[in-house]
$ cat final-v6.txt   # compact mmCIF, C-alpha atoms
# COMPACT_ATOMS: atom_id res chain seq x y z
CA MET O 1 12.87 -133.64 13.66
CA ALA O 2 15.70 -133.00 11.34
CA GLN O 3 17.76 -135.96 12.39
CA ASP O 4 16.36 -139.42 12.45
CA ALA O 5 16.15 -141.19 15.78
CA THR O 6 19.12 -143.45 15.26
CA SER O 7 21.56 -140.72 14.42
CA TYR O 8 20.21 -138.61 17.27
CA ILE O 9 20.84 -141.38 19.74
CA GLN O 10 24.20 -142.17 18.25
CA HIS O 11 25.19 -138.55 18.40
CA HIS O 12 24.28 -138.46 22.06
CA LEU O 13 26.20 -141.59 22.82
CA THR O 14 29.41 -140.50 21.17
CA PHE O 15 32.18 -139.17 23.35
CA ALA O 16 34.21 -136.10 22.63
CA LYS O 17 37.54 -137.71 21.97
CA SER O 18 41.02 -136.34 21.77
CA ALA O 19 43.37 -137.47 19.03
CA SER O 20 44.67 -140.25 21.27
CA GLY O 21 41.15 -141.41 22.07
CA ILE O 22 40.80 -139.94 25.55
CA HIS O 23 37.23 -139.09 26.45
CA LEU O 24 37.66 -135.37 26.93
CA ASP O 25 34.06 -134.76 28.01
CA THR O 26 34.19 -137.38 30.74
CA PHE O 27 37.56 -136.08 31.85
CA TRP O 28 36.65 -132.42 32.01
CA VAL O 29 33.19 -132.81 33.50
CA ALA O 30 34.53 -135.18 36.16
CA LEU O 31 37.41 -132.83 36.88
CA ILE O 32 35.22 -129.75 37.13
CA LEU O 33 32.75 -131.52 39.42
CA GLY O 34 35.58 -132.87 41.51
CA LEU O 35 37.02 -129.38 41.87
CA LEU O 36 33.57 -128.08 42.74
CA PHE O 37 33.29 -130.63 45.53
CA VAL O 38 36.80 -130.00 46.82
CA GLY O 39 36.37 -126.23 46.54
CA VAL O 40 33.08 -126.07 48.40
CA PHE O 41 34.18 -128.43 51.14
CA ALA O 42 37.56 -126.75 51.55
CA TYR O 43 35.89 -123.33 51.70
CA VAL O 44 33.48 -124.54 54.37
CA ALA O 45 36.21 -126.34 56.28
CA ASN O 46 38.32 -123.18 56.36
CA LYS O 47 35.46 -121.01 57.52
CA ALA O 48 34.01 -123.58 59.90
CA THR O 49 33.08 -122.37 63.34
CA ALA O 50 32.74 -124.43 66.47
CA GLY O 51 29.51 -122.60 67.24
CA VAL O 52 26.15 -122.87 65.55
CA PRO O 53 26.86 -123.68 61.90
CA GLY O 54 25.51 -121.66 59.01
CA ARG O 55 23.43 -123.23 56.28
CA LEU O 56 26.28 -124.38 54.08
CA GLN O 57 28.43 -125.58 56.95
CA ASN O 58 25.43 -127.39 58.37
CA PHE O 59 24.87 -129.14 55.05
CA VAL O 60 28.50 -130.14 54.73
CA GLU O 61 28.57 -131.33 58.32
CA LEU O 62 25.45 -133.38 57.66
CA ILE O 63 27.12 -135.21 54.77
CA VAL O 64 30.39 -135.70 56.65
CA GLU O 65 28.48 -136.99 59.64
CA MET O 66 26.49 -139.42 57.49
CA VAL O 67 29.66 -140.78 55.87
CA ASP O 68 31.38 -140.95 59.24
CA ASN O 69 28.50 -142.91 60.75
CA GLN O 70 28.60 -145.42 57.91
CA ILE O 71 32.32 -145.88 58.41
CA LYS O 72 31.90 -146.32 62.16
CA ASP O 73 29.25 -148.96 61.54
CA ALA O 74 31.12 -150.96 58.93
CA PHE O 75 34.83 -150.31 59.36
CA HIS O 76 36.39 -151.18 62.68
CA ALA O 77 40.09 -150.89 62.03
CA LYS O 78 41.99 -147.63 62.26
CA SER O 79 42.68 -145.78 59.05
CA LYS O 80 43.31 -142.21 57.99
CA VAL O 81 42.45 -142.96 54.38
CA ILE O 82 38.97 -144.36 54.62
CA GLY O 83 37.16 -141.22 55.79
CA PRO O 84 38.31 -138.80 53.09
CA LEU O 85 38.09 -141.61 50.53
CA SER O 86 34.47 -142.41 51.32
CA LEU O 87 33.49 -138.76 51.45
CA THR O 88 35.13 -138.09 48.11
CA ILE O 89 33.51 -141.11 46.50
CA PHE O 90 30.07 -140.21 47.74
CA CYS O 91 30.17 -136.54 46.81
CA TRP O 92 31.95 -136.97 43.52
CA VAL O 93 29.78 -139.82 42.30
CA PHE O 94 26.70 -137.94 43.43
CA LEU O 95 27.71 -134.83 41.53
CA MET O 96 28.62 -136.77 38.40
CA ASN O 97 25.37 -138.72 38.55
CA SER O 98 23.49 -135.47 39.05
CA MET O 99 24.49 -134.31 35.59
CA ASP O 100 21.65 -136.61 34.52
CA PHE O 101 19.13 -134.11 35.82
CA LEU O 102 20.07 -131.44 33.32
CA PRO O 103 18.01 -131.51 30.15
CA VAL O 104 19.63 -134.11 27.98
CA ASP O 105 20.12 -131.74 25.04
CA LEU O 106 21.11 -128.63 26.99
CA LEU O 107 24.87 -128.91 27.34
CA PRO O 108 25.45 -130.83 24.07
CA MET O 109 23.57 -128.15 22.16
CA ALA O 110 25.46 -125.42 23.96
CA ALA O 111 28.67 -127.19 23.04
CA GLN O 112 27.54 -127.48 19.44
CA TRP O 113 26.66 -123.80 19.34
CA ILE O 114 29.98 -122.76 20.86
CA GLY O 115 31.89 -125.12 18.58
CA TYR O 116 30.07 -123.84 15.53
CA THR O 117 30.17 -120.15 16.40
CA PHE O 118 33.67 -119.76 17.80
CA PHE O 119 35.61 -122.60 16.21
CA GLY O 120 33.70 -123.13 12.98
CA ALA O 121 33.27 -126.81 13.74
CA ASP O 122 30.62 -128.92 12.08
CA PRO O 123 27.92 -129.21 14.76
CA HIS O 124 27.23 -132.79 13.73
CA HIS O 125 30.69 -133.67 14.82
CA VAL O 126 30.68 -131.79 18.10
CA TYR O 127 30.00 -134.38 20.73
CA LEU O 128 29.46 -134.05 24.45
CA ARG O 129 28.37 -136.59 27.01
CA VAL O 130 27.75 -134.85 30.29
CA VAL O 131 27.37 -137.81 32.65
CA PRO O 132 30.87 -139.07 33.46
CA THR O 133 29.54 -142.05 35.40
CA ALA O 134 27.80 -143.29 32.26
CA ASP O 135 31.27 -143.91 30.90
CA VAL O 136 32.89 -147.23 31.82
CA ASN O 137 36.26 -145.53 31.85
CA GLN O 138 35.22 -143.30 34.70
CA THR O 139 33.57 -146.01 36.78
CA PHE O 140 36.42 -148.47 36.24
CA ALA O 141 38.94 -145.78 37.03
CA MET O 142 37.34 -145.42 40.43
CA SER O 143 36.71 -149.10 41.08
CA LEU O 144 40.26 -150.13 40.09
CA THR O 145 41.60 -147.47 42.44
CA VAL O 146 39.45 -149.03 45.11
CA MET O 147 40.88 -152.45 44.21
CA LEU O 148 44.43 -151.13 44.61
CA LEU O 149 43.41 -149.72 47.96
CA ILE O 150 41.97 -153.11 48.93
CA ILE O 151 45.34 -154.70 48.18
CA GLY O 152 47.13 -151.88 49.97
CA PHE O 153 44.91 -152.15 53.04
CA SER O 154 45.39 -155.94 53.09
CA ILE O 155 49.15 -155.64 52.93
CA SER O 156 49.33 -152.92 55.55
CA ALA O 157 47.09 -154.91 57.89
CA LYS O 158 48.62 -158.36 57.42
CA GLY O 159 52.02 -157.67 55.98
CA LEU O 160 53.11 -158.63 52.50
CA PHE O 161 53.80 -162.21 53.54
CA GLY O 162 50.55 -162.51 55.42
CA TRP O 163 48.60 -161.29 52.45
CA ILE O 164 50.32 -163.68 50.04
CA LYS O 165 49.83 -166.51 52.49
CA GLU O 166 46.16 -165.71 52.71
CA LEU O 167 45.89 -165.76 48.92
CA PHE O 168 46.76 -169.45 49.03
CA THR O 169 45.23 -170.62 52.29
CA ALA O 170 41.81 -168.96 52.36
CA PRO O 171 38.88 -169.45 52.05
CA PHE O 172 39.51 -173.23 52.33
CA HIS O 173 41.59 -174.22 55.33
CA ALA O 174 43.24 -177.61 55.63
CA ASP O 175 44.97 -179.26 58.56
CA GLY O 176 47.51 -181.50 56.87
CA LEU O 177 50.38 -180.27 54.73
CA VAL O 178 49.31 -182.35 51.74
CA MET O 179 45.79 -181.05 51.78
CA THR O 180 47.06 -177.52 52.18
CA ILE O 181 49.17 -177.87 49.07
CA ILE O 182 46.31 -179.45 47.16
CA LEU O 183 43.99 -176.62 48.13
CA MET O 184 46.48 -173.91 47.21
CA PRO O 185 45.53 -173.48 43.54
CA VAL O 186 41.84 -173.68 44.42
CA ASN O 187 42.21 -170.99 47.04
CA PHE O 188 44.30 -168.83 44.77
CA ALA O 189 41.70 -169.07 42.02
CA PHE O 190 38.96 -168.15 44.43
CA GLN O 191 40.92 -165.19 45.77
CA LEU O 192 41.68 -163.90 42.29
CA ILE O 193 38.04 -164.15 41.30
CA GLU O 194 37.03 -162.39 44.49
CA LEU O 195 39.57 -159.65 43.96
CA ALA O 196 38.53 -159.14 40.36
CA ALA O 197 34.81 -159.35 41.02
CA LYS O 198 34.86 -156.42 43.42
CA PRO O 199 35.99 -153.66 41.03
CA ILE O 200 34.02 -155.16 38.15
CA SER O 201 30.76 -155.25 40.09
CA LEU O 202 31.38 -151.76 41.52
CA ALA O 203 32.10 -150.25 38.13
CA LEU O 204 29.43 -152.06 36.16
CA ARG O 205 26.69 -151.41 38.70
CA LEU O 206 27.24 -147.67 38.60
CA PHE O 207 27.84 -147.57 34.87
CA GLY O 208 24.79 -149.71 34.10
CA ASN O 209 22.47 -147.60 36.20
CA MET O 210 23.66 -144.29 34.85
CA TYR O 211 23.97 -145.44 31.26
CA ALA O 212 20.48 -146.90 31.28
CA GLY O 213 19.16 -143.75 32.87
CA GLU O 214 20.82 -141.56 30.30
CA LEU O 215 19.63 -143.74 27.45
CA ILE O 216 16.06 -143.52 28.63
CA PHE O 217 16.36 -139.74 28.91
CA ILE O 218 17.54 -139.72 25.30
CA LEU O 219 14.67 -141.95 24.23
CA ILE O 220 12.18 -139.74 26.05
CA ALA O 221 13.68 -136.74 24.29
CA LEU O 222 12.64 -138.34 21.00
CA LEU O 223 8.95 -137.98 21.92
CA PRO O 224 7.01 -134.98 20.66
CA TRP O 225 7.95 -131.98 22.79
CA TRP O 226 4.51 -131.46 24.32
CA ILE O 227 4.35 -135.00 25.71
CA ASN O 228 7.97 -135.08 26.77
CA TRP O 229 7.33 -134.25 30.41
CA VAL O 230 4.78 -137.06 30.91
CA LEU O 231 7.57 -139.63 30.92
CA GLY O 232 10.48 -137.29 31.48
CA ALA O 233 9.34 -135.81 34.79
CA PRO O 234 8.63 -139.13 36.57
CA TRP O 235 11.88 -140.56 35.28
CA ALA O 236 13.80 -137.50 36.47
CA ILE O 237 12.10 -137.65 39.86
CA PHE O 238 12.86 -141.34 40.10
CA HIS O 239 16.41 -140.49 39.23
CA ILE O 240 16.77 -138.41 42.39
CA LEU O 241 16.59 -141.74 44.16
CA VAL O 242 18.86 -143.57 41.72
CA VAL O 243 21.53 -140.87 41.77
CA THR O 244 21.71 -140.73 45.54
CA LEU O 245 21.42 -144.47 45.96
CA GLN O 246 24.18 -145.27 43.48
CA ALA O 247 26.52 -142.78 45.08
CA PHE O 248 25.71 -144.25 48.47
CA VAL O 249 26.09 -147.85 47.29
CA PHE O 250 29.45 -147.16 45.70
CA MET O 251 30.69 -145.56 48.91
CA MET O 252 29.19 -148.23 51.15
CA LEU O 253 30.62 -151.13 49.18
CA THR O 254 34.02 -149.48 49.17
CA ILE O 255 33.89 -149.25 52.95
CA VAL O 256 32.76 -152.86 53.25
CA TYR O 257 35.45 -154.14 50.86
CA LEU O 258 38.15 -152.24 52.71
CA SER O 259 36.87 -153.47 56.04
CA LEU O 260 36.98 -157.06 54.69
CA ALA O 261 40.49 -156.40 53.48
CA VAL O 262 41.82 -155.53 56.93
CA GLU O 263 40.04 -158.35 58.72
CA ASP O 264 41.39 -161.83 59.01
CA HIS O 265 39.58 -164.58 57.17
CA MET V 266 23.43 -126.99 14.51
CA GLU V 267 19.79 -126.57 15.18
CA PHE V 268 17.51 -125.96 18.06
CA ASN V 269 14.46 -128.11 17.89
CA SER V 270 11.26 -128.45 19.83
CA SER V 271 12.73 -131.32 21.81
CA LEU V 272 14.68 -128.80 23.85
CA ILE V 273 11.45 -127.07 24.89
CA GLY V 274 10.01 -130.38 25.99
CA GLN V 275 13.10 -131.12 28.00
CA MET V 276 12.94 -127.70 29.60
CA ILE V 277 9.39 -128.40 30.70
CA THR V 278 10.59 -131.67 32.18
CA PHE V 279 13.41 -129.87 33.89
CA ALA V 280 11.02 -127.26 35.26
CA ILE V 281 8.81 -130.02 36.68
CA LEU V 282 11.85 -131.64 38.25
CA ILE V 283 12.84 -128.33 39.83
CA TRP V 284 9.30 -127.84 41.08
CA PHE V 285 9.25 -131.34 42.53
CA THR V 286 12.56 -130.76 44.26
CA MET V 287 11.37 -127.45 45.66
CA LYS V 288 8.15 -128.98 46.84
CA PHE V 289 9.11 -132.40 48.16
CA VAL V 290 12.88 -132.74 48.40
CA TRP V 291 14.11 -129.39 49.64
CA PRO V 292 11.70 -128.75 52.55
CA PRO V 293 12.42 -131.94 54.50
CA LEU V 294 16.12 -131.42 53.86
CA THR V 295 16.09 -127.85 55.13
CA LYS V 296 13.86 -128.87 58.01
CA MET V 297 16.34 -131.53 59.00
CA MET V 298 19.16 -129.00 58.73
CA ASP V 299 17.27 -126.44 60.79
CA GLU V 300 16.58 -129.03 63.44
CA ARG V 301 20.22 -129.97 63.44
CA ALA V 302 21.25 -126.32 63.78
CA LYS V 303 18.75 -125.87 66.58
CA ARG V 304 20.03 -128.95 68.35
CA ILE V 305 23.57 -127.63 68.13
CA ALA V 306 22.47 -124.19 69.31
CA ASP V 307 20.57 -125.72 72.22
CA GLY V 308 23.52 -127.86 73.16
CA LEU V 309 25.87 -124.89 73.08
CA ALA V 310 23.42 -122.80 75.08
CA ALA V 311 23.09 -125.57 77.66
CA ALA V 312 26.86 -125.81 77.91
CA ASP V 313 27.09 -122.04 78.37
CA ARG V 314 24.40 -122.15 81.01
CA ALA V 315 26.15 -124.94 82.85
CA LYS V 316 29.38 -122.96 82.71
CA GLN V 317 27.60 -119.90 84.05
CA ASP V 318 26.03 -121.98 86.81
CA LEU V 319 29.38 -123.38 87.77
CA GLU V 320 30.85 -119.90 87.86
CA ASN V 321 28.01 -118.67 90.02
CA ALA V 322 28.35 -121.60 92.37
CA GLU V 323 32.06 -121.01 92.64
CA LYS V 324 31.50 -117.35 93.35
CA LYS V 325 28.85 -118.19 95.91
CA SER V 326 31.04 -120.71 97.67
CA ALA V 327 33.88 -118.19 97.73
CA ASP V 328 31.52 -115.63 99.24
CA LYS V 329 30.36 -118.11 101.84
CA LEU V 330 33.93 -118.98 102.71
CA ARG V 331 34.88 -115.34 103.06
CA GLU V 332 31.83 -114.70 105.21
CA ALA V 333 32.62 -117.65 107.41
CA LYS V 334 36.20 -116.50 107.81
CA GLN V 335 35.01 -113.03 108.72
CA GLN V 336 32.59 -114.45 111.25
CA ALA V 337 35.25 -116.63 112.75
CA ALA V 338 37.55 -113.64 113.03
CA GLU V 339 34.78 -111.66 114.69
CA ILE V 340 34.11 -114.44 117.14
CA ILE V 341 37.78 -114.72 117.99
CA ALA V 342 38.04 -110.95 118.44
CA GLN V 343 35.03 -110.97 120.70
CA ALA V 344 36.39 -113.82 122.72
CA GLU V 345 39.69 -112.03 123.10
CA LYS V 346 37.90 -108.90 124.17
CA ARG V 347 35.86 -110.86 126.66
CA ALA V 348 38.95 -112.55 128.01
CA ALA V 349 40.71 -109.20 128.41
CA GLN V 350 37.63 -107.90 130.13
CA LEU V 351 37.59 -110.85 132.48
CA VAL V 352 41.25 -110.40 133.29
CA ASP V 353 40.67 -106.68 133.94
CA GLU V 354 37.73 -107.45 136.13
CA ALA V 355 39.69 -110.00 138.08
CA LYS V 356 42.57 -107.54 138.46
CA SER V 357 40.42 -104.73 139.74
CA HIS V 358 38.59 -107.16 141.99
CA ALA V 359 41.85 -108.36 143.43
CA LYS V 360 43.06 -104.80 143.88
CA VAL V 361 39.94 -103.82 145.77
CA GLU V 362 40.20 -106.95 147.84
CA GLY V 363 43.82 -106.27 148.58
CA GLU V 364 43.11 -102.68 149.50
CA ARG V 365 40.33 -103.87 151.75
CA LEU V 366 42.65 -106.36 153.38
CA ILE V 367 45.33 -103.71 153.79
CA ALA V 368 42.82 -101.29 155.23
CA GLY V 369 41.59 -103.98 157.68
CA ALA V 370 45.13 -104.77 158.69
CA GLN V 371 45.98 -101.11 159.15
CA GLY V 372 42.82 -100.65 161.30
CA GLU V 373 43.86 -103.56 163.44
CA ILE V 374 47.38 -102.23 163.72
CA GLU V 375 45.97 -98.86 164.72
CA GLN V 376 43.79 -100.55 167.29
CA GLN V 377 46.72 -102.51 168.64
CA ILE V 378 48.74 -99.35 168.79
CA GLN V 379 45.93 -97.61 170.62
CA HIS V 380 45.62 -100.56 172.91
CA ALA V 381 49.33 -100.62 173.54
CA LYS V 382 49.31 -96.88 174.18
CA GLU V 383 46.44 -97.29 176.56
CA THR V 384 48.22 -100.05 178.40
CA LEU V 385 51.40 -98.06 178.46
CA ARG V 386 49.52 -95.02 179.76
CA GLN V 387 47.98 -97.02 182.53
CA GLN V 388 51.29 -98.59 183.48
CA VAL V 389 53.02 -95.20 183.34
CA ALA V 390 50.20 -93.73 185.46
CA SER V 391 50.49 -96.45 188.06
CA LEU V 392 54.29 -96.11 187.92
CA ALA V 393 53.91 -92.37 188.34
CA VAL V 394 51.49 -92.91 191.20
CA ALA V 395 53.83 -95.40 192.80
CA GLY V 396 56.70 -92.97 192.21
CA ALA V 397 54.78 -90.08 193.70
CA GLU V 398 53.73 -92.32 196.66
CA LYS V 399 57.32 -93.11 197.28
CA ILE V 400 58.31 -89.48 196.89
CA LEU V 401 55.62 -88.21 199.21
CA GLN V 402 56.12 -91.07 201.61
CA ARG V 403 52.58 -91.17 202.24
CA GLU V 404 49.65 -92.84 200.80
CA VAL V 405 47.96 -90.89 198.18
CA ASP V 406 44.35 -91.03 198.44
CA ALA V 407 43.47 -92.48 195.13
CA ALA V 408 39.94 -91.33 195.32
CA LYS V 409 40.95 -87.81 196.48
CA HIS V 410 43.50 -87.29 193.70
CA ALA V 411 41.70 -89.15 190.99
CA GLU V 412 41.11 -85.91 189.13
CA MET V 413 44.73 -84.94 189.21
CA LEU V 414 45.80 -88.45 188.21
CA SER V 415 43.49 -88.56 185.20
CA SER V 416 44.78 -85.14 184.11
CA ILE V 417 48.31 -86.53 184.29
CA LYS V 418 47.14 -89.56 182.40
CA ALA V 419 45.70 -87.40 179.67
CA GLU V 420 48.91 -85.48 179.36
CA LEU V 421 50.94 -88.66 178.81
$ encode --input "final-v6.txt" --output "structure tokens"
Amino acid sequence: MAQDATSYIQHHLTFAKSASGIHLDTFWVALILGLLFVGVFAYVANKATAGVPGRLQNFVELIVEMVDNQIKDAFHAKSKVIGPLSLTIFCWVFLMNSMDFLPVDLLPMAAQWIGYTFFGADPHHVYLRVVPTADVNQTFAMSLTVMLLIIGFSISAKGLFGWIKELFTAPFHADGLVMTIILMPVNFAFQLIELAAKPISLALRLFGNMYAGELIFILIALLPWWINWVLGAPWAIFHILVVTLQAFVFMMLTIVYLSLAVEDH
Amino acid sequence: MEFNSSLIGQMITFAILIWFTMKFVWPPLTKMMDERAKRIADGLAAADRAKQDLENAEKKSADKLREAKQQAAEIIAQAEKRAAQLVDEAKSHAKVEGERLIAGAQGEIEQQIQHAKETLRQQVASLAVAGAEKILQREVDAAKHAEMLSSIKAEL
């Protein structure tokens, strides 16, 4: 091995950054996968028949049905946003997580080769991280959007005044005026913590899982090539579960949070 | 920029993952999808069949209705025909009866006429005899001139 282990790992964990520090690899991979999802689903939706569905339509219907069932189980208010939102979260996160399945060196090496051959870049400074969900920026971007939606859903369900009132009067209710005023800061603190904890837990759970998974793939790649598969294959197979589960959990928790947001405490 | 053996190892891993997916992940997924497609197809077929059945039933009921109407019309026509027949029969019966009555009456009238004629004849004969008696001033022997009298009678 030409590089030592540390620099290999470091190279793998470095983002391709623009001059302003934007993670270009996360951005582009996420965008391409998002377009892939939207493109496939839009194509199927346009060609959908009411009769017996073809393979692809059947598959898409299966996913939509699954998401729809989860929403019906957990979310009881009426909303036009929650269905497309949940579907997008599930499919997008699943696709981004799935980048983990590709051989850990494949796309970075391809990027290095392209950078070196066509742009004359120093391959040691061509970086590419292919799993967008192993980037906190990506996971927080999604979870903070969900948090804004939580606030939006709360306001649309209870009104601006109702929401603000709830910030100060829940979860601890008091009967007297004095007690109510005393409990106000306590309630407010609780509500803020609750509101902040949701996006943080969402983002960190997904990021932690995917980052750890990627890191272990990198570590496995450091083994001699002939023994690589002994650990690599089980880990990859296990990752089928992790990838699907994390996508599902992210979607499910979003639904639950939004359903809590529209319900009265 | 270098390719190293690690990439080969990772490709083996990737190949195993693909094999695993082909072997254990894809089949149940496709099976589920096939079952789903079959369920949808069955449901649609059942709906079609039900529609067809409904159509058939509607057609059948329409046929029955038409048949019943036709039968009713036939029955009415027959009844009308029968009624006309009965009226005709009654008419002809009455005509015959009337004719018979007329014929009877005419016979009676004839008889009466005959009877009246007969009576008249006899009265005329006796008048004639009485007249002749008066004319001859002598008694006519009724027995002796019976032949002549009856010939006169016949001539009347």
$ interface_residues --input "final-v6.txt" --of "chain O" --to "chain V" --cutoff "8 Å" --atoms "only C-alpha atoms" --output "PDB file with C-alpha atoms, keeping the file's coordinate frame"
ATOM      1  CA  MET O   1      12.870-133.640  13.660  1.00  0.00           C
ATOM      2  CA  GLY O  51      29.510-122.600  67.240  1.00  0.00           C
ATOM      3  CA  VAL O  52      26.150-122.870  65.550  1.00  0.00           C
ATOM      4  CA  PRO O  53      26.860-123.680  61.900  1.00  0.00           C
ATOM      5  CA  GLY O  54      25.510-121.660  59.010  1.00  0.00           C
ATOM      6  CA  ARG O  55      23.430-123.230  56.280  1.00  0.00           C
ATOM      7  CA  ASN O  58      25.430-127.390  58.370  1.00  0.00           C
ATOM      8  CA  PHE O  59      24.870-129.140  55.050  1.00  0.00           C
ATOM      9  CA  LEU O  62      25.450-133.380  57.660  1.00  0.00           C
ATOM     10  CA  PHE O 101      19.130-134.110  35.820  1.00  0.00           C
ATOM     11  CA  LEU O 102      20.070-131.440  33.320  1.00  0.00           C
ATOM     12  CA  PRO O 103      18.010-131.510  30.150  1.00  0.00           C
ATOM     13  CA  VAL O 104      19.630-134.110  27.980  1.00  0.00           C
ATOM     14  CA  ASP O 105      20.120-131.740  25.040  1.00  0.00           C
ATOM     15  CA  LEU O 106      21.110-128.630  26.990  1.00  0.00           C
ATOM     16  CA  MET O 109      23.570-128.150  22.160  1.00  0.00           C
ATOM     17  CA  GLN O 112      27.540-127.480  19.440  1.00  0.00           C
ATOM     18  CA  TRP O 113      26.660-123.800  19.340  1.00  0.00           C
ATOM     19  CA  TYR O 116      30.070-123.840  15.530  1.00  0.00           C
ATOM     20  CA  ASP O 122      30.620-128.920  12.080  1.00  0.00           C
ATOM     21  CA  PRO O 123      27.920-129.210  14.760  1.00  0.00           C
ATOM     22  CA  HIS O 124      27.230-132.790  13.730  1.00  0.00           C
ATOM     23  CA  ALA O 221      13.680-136.740  24.290  1.00  0.00           C
ATOM     24  CA  LEU O 222      12.640-138.340  21.000  1.00  0.00           C
ATOM     25  CA  LEU O 223       8.950-137.980  21.920  1.00  0.00           C
ATOM     26  CA  PRO O 224       7.010-134.980  20.660  1.00  0.00           C
ATOM     27  CA  TRP O 225       7.950-131.980  22.790  1.00  0.00           C
ATOM     28  CA  TRP O 226       4.510-131.460  24.320  1.00  0.00           C
ATOM     29  CA  ILE O 227       4.350-135.000  25.710  1.00  0.00           C
ATOM     30  CA  ASN O 228       7.970-135.080  26.770  1.00  0.00           C
ATOM     31  CA  TRP O 229       7.330-134.250  30.410  1.00  0.00           C
ATOM     32  CA  GLY O 232      10.480-137.290  31.480  1.00  0.00           C
ATOM     33  CA  ALA O 233       9.340-135.810  34.790  1.00  0.00           C
ATOM     34  CA  ALA O 236      13.800-137.500  36.470  1.00  0.00           C
ATOM     35  CA  ILE O 237      12.100-137.650  39.860  1.00  0.00           C
TER      36      ILE O 237
END
$ closest_residue --input "final-v6.txt" --among "O:Glu166, O:Asp25, O:Ala74, O:Met66" --to "Leu87 of chain O" --atoms "all atoms listed in the file"
O:Met66
$ residues_around --input "final-v6.txt" --residues "segment 382-394 of chain V" --least-positions-apart "3" --cutoff "8 Å" --atoms "only C-alpha atoms" --output "list in words"
Ile378, Gln379, Ala397, Glu398, Leu414, Ile417, Lys418 and Leu421 of chain V
$ atom_distance --input "final-v6.txt" --atom1 "atom CA of Leu351 of chain V" --atom2 "atom CA of Gly369 of chain V"
26.4 Å
$ atom_distance --input "final-v6.txt" --atom1 "atom CA of Val136 of chain O" --atom2 "atom CA of Ile240 of chain O"
21.2 Å
$ atom_distance --input "final-v6.txt" --atom1 "atom CA of Leu219 of chain O" --atom2 "atom CA of Tyr8 of chain O"
9.5 Å
$ build_atoms --input "final-v6.txt" --residues "segment 182-192 of chain O" --atoms "N, CA, C and O atoms" --output "compact mmCIF listing (two decimals), in the frame of the given file"
# COMPACT_ATOMS: atom_id res chain seq x y z
N ILE O 182 47.33 -179.14 48.18
CA ILE O 182 46.31 -179.45 47.16
C ILE O 182 45.33 -178.29 47.03
O ILE O 182 44.92 -177.93 45.92
N LEU O 183 45.00 -177.68 48.16
CA LEU O 183 43.99 -176.62 48.13
C LEU O 183 44.56 -175.28 47.64
O LEU O 183 43.81 -174.36 47.35
N MET O 184 45.87 -175.18 47.59
CA MET O 184 46.48 -173.91 47.21
C MET O 184 45.96 -173.31 45.90
O MET O 184 45.53 -172.17 45.87
N PRO O 185 46.02 -174.08 44.80
CA PRO O 185 45.53 -173.48 43.54
C PRO O 185 44.05 -173.13 43.60
O PRO O 185 43.63 -172.09 43.05
N VAL O 186 43.28 -173.96 44.31
CA VAL O 186 41.84 -173.68 44.42
C VAL O 186 41.64 -172.35 45.14
O VAL O 186 40.90 -171.48 44.69
N ASN O 187 42.33 -172.22 46.27
CA ASN O 187 42.21 -170.99 47.04
C ASN O 187 42.66 -169.77 46.23
O ASN O 187 42.00 -168.73 46.24
N PHE O 188 43.77 -169.94 45.55
CA PHE O 188 44.30 -168.83 44.77
C PHE O 188 43.30 -168.39 43.71
O PHE O 188 43.05 -167.19 43.52
N ALA O 189 42.69 -169.39 43.04
CA ALA O 189 41.70 -169.07 42.02
C ALA O 189 40.52 -168.32 42.63
O ALA O 189 40.07 -167.29 42.10
N PHE O 190 40.07 -168.82 43.76
CA PHE O 190 38.96 -168.15 44.43
C PHE O 190 39.30 -166.71 44.78
O PHE O 190 38.51 -165.80 44.57
N GLN O 191 40.51 -166.54 45.34
CA GLN O 191 40.92 -165.19 45.77
C GLN O 191 41.01 -164.25 44.59
O GLN O 191 40.61 -163.09 44.67
N LEU O 192 41.55 -164.76 43.47
CA LEU O 192 41.68 -163.90 42.29
C LEU O 192 40.30 -163.49 41.79
O LEU O 192 40.08 -162.33 41.43
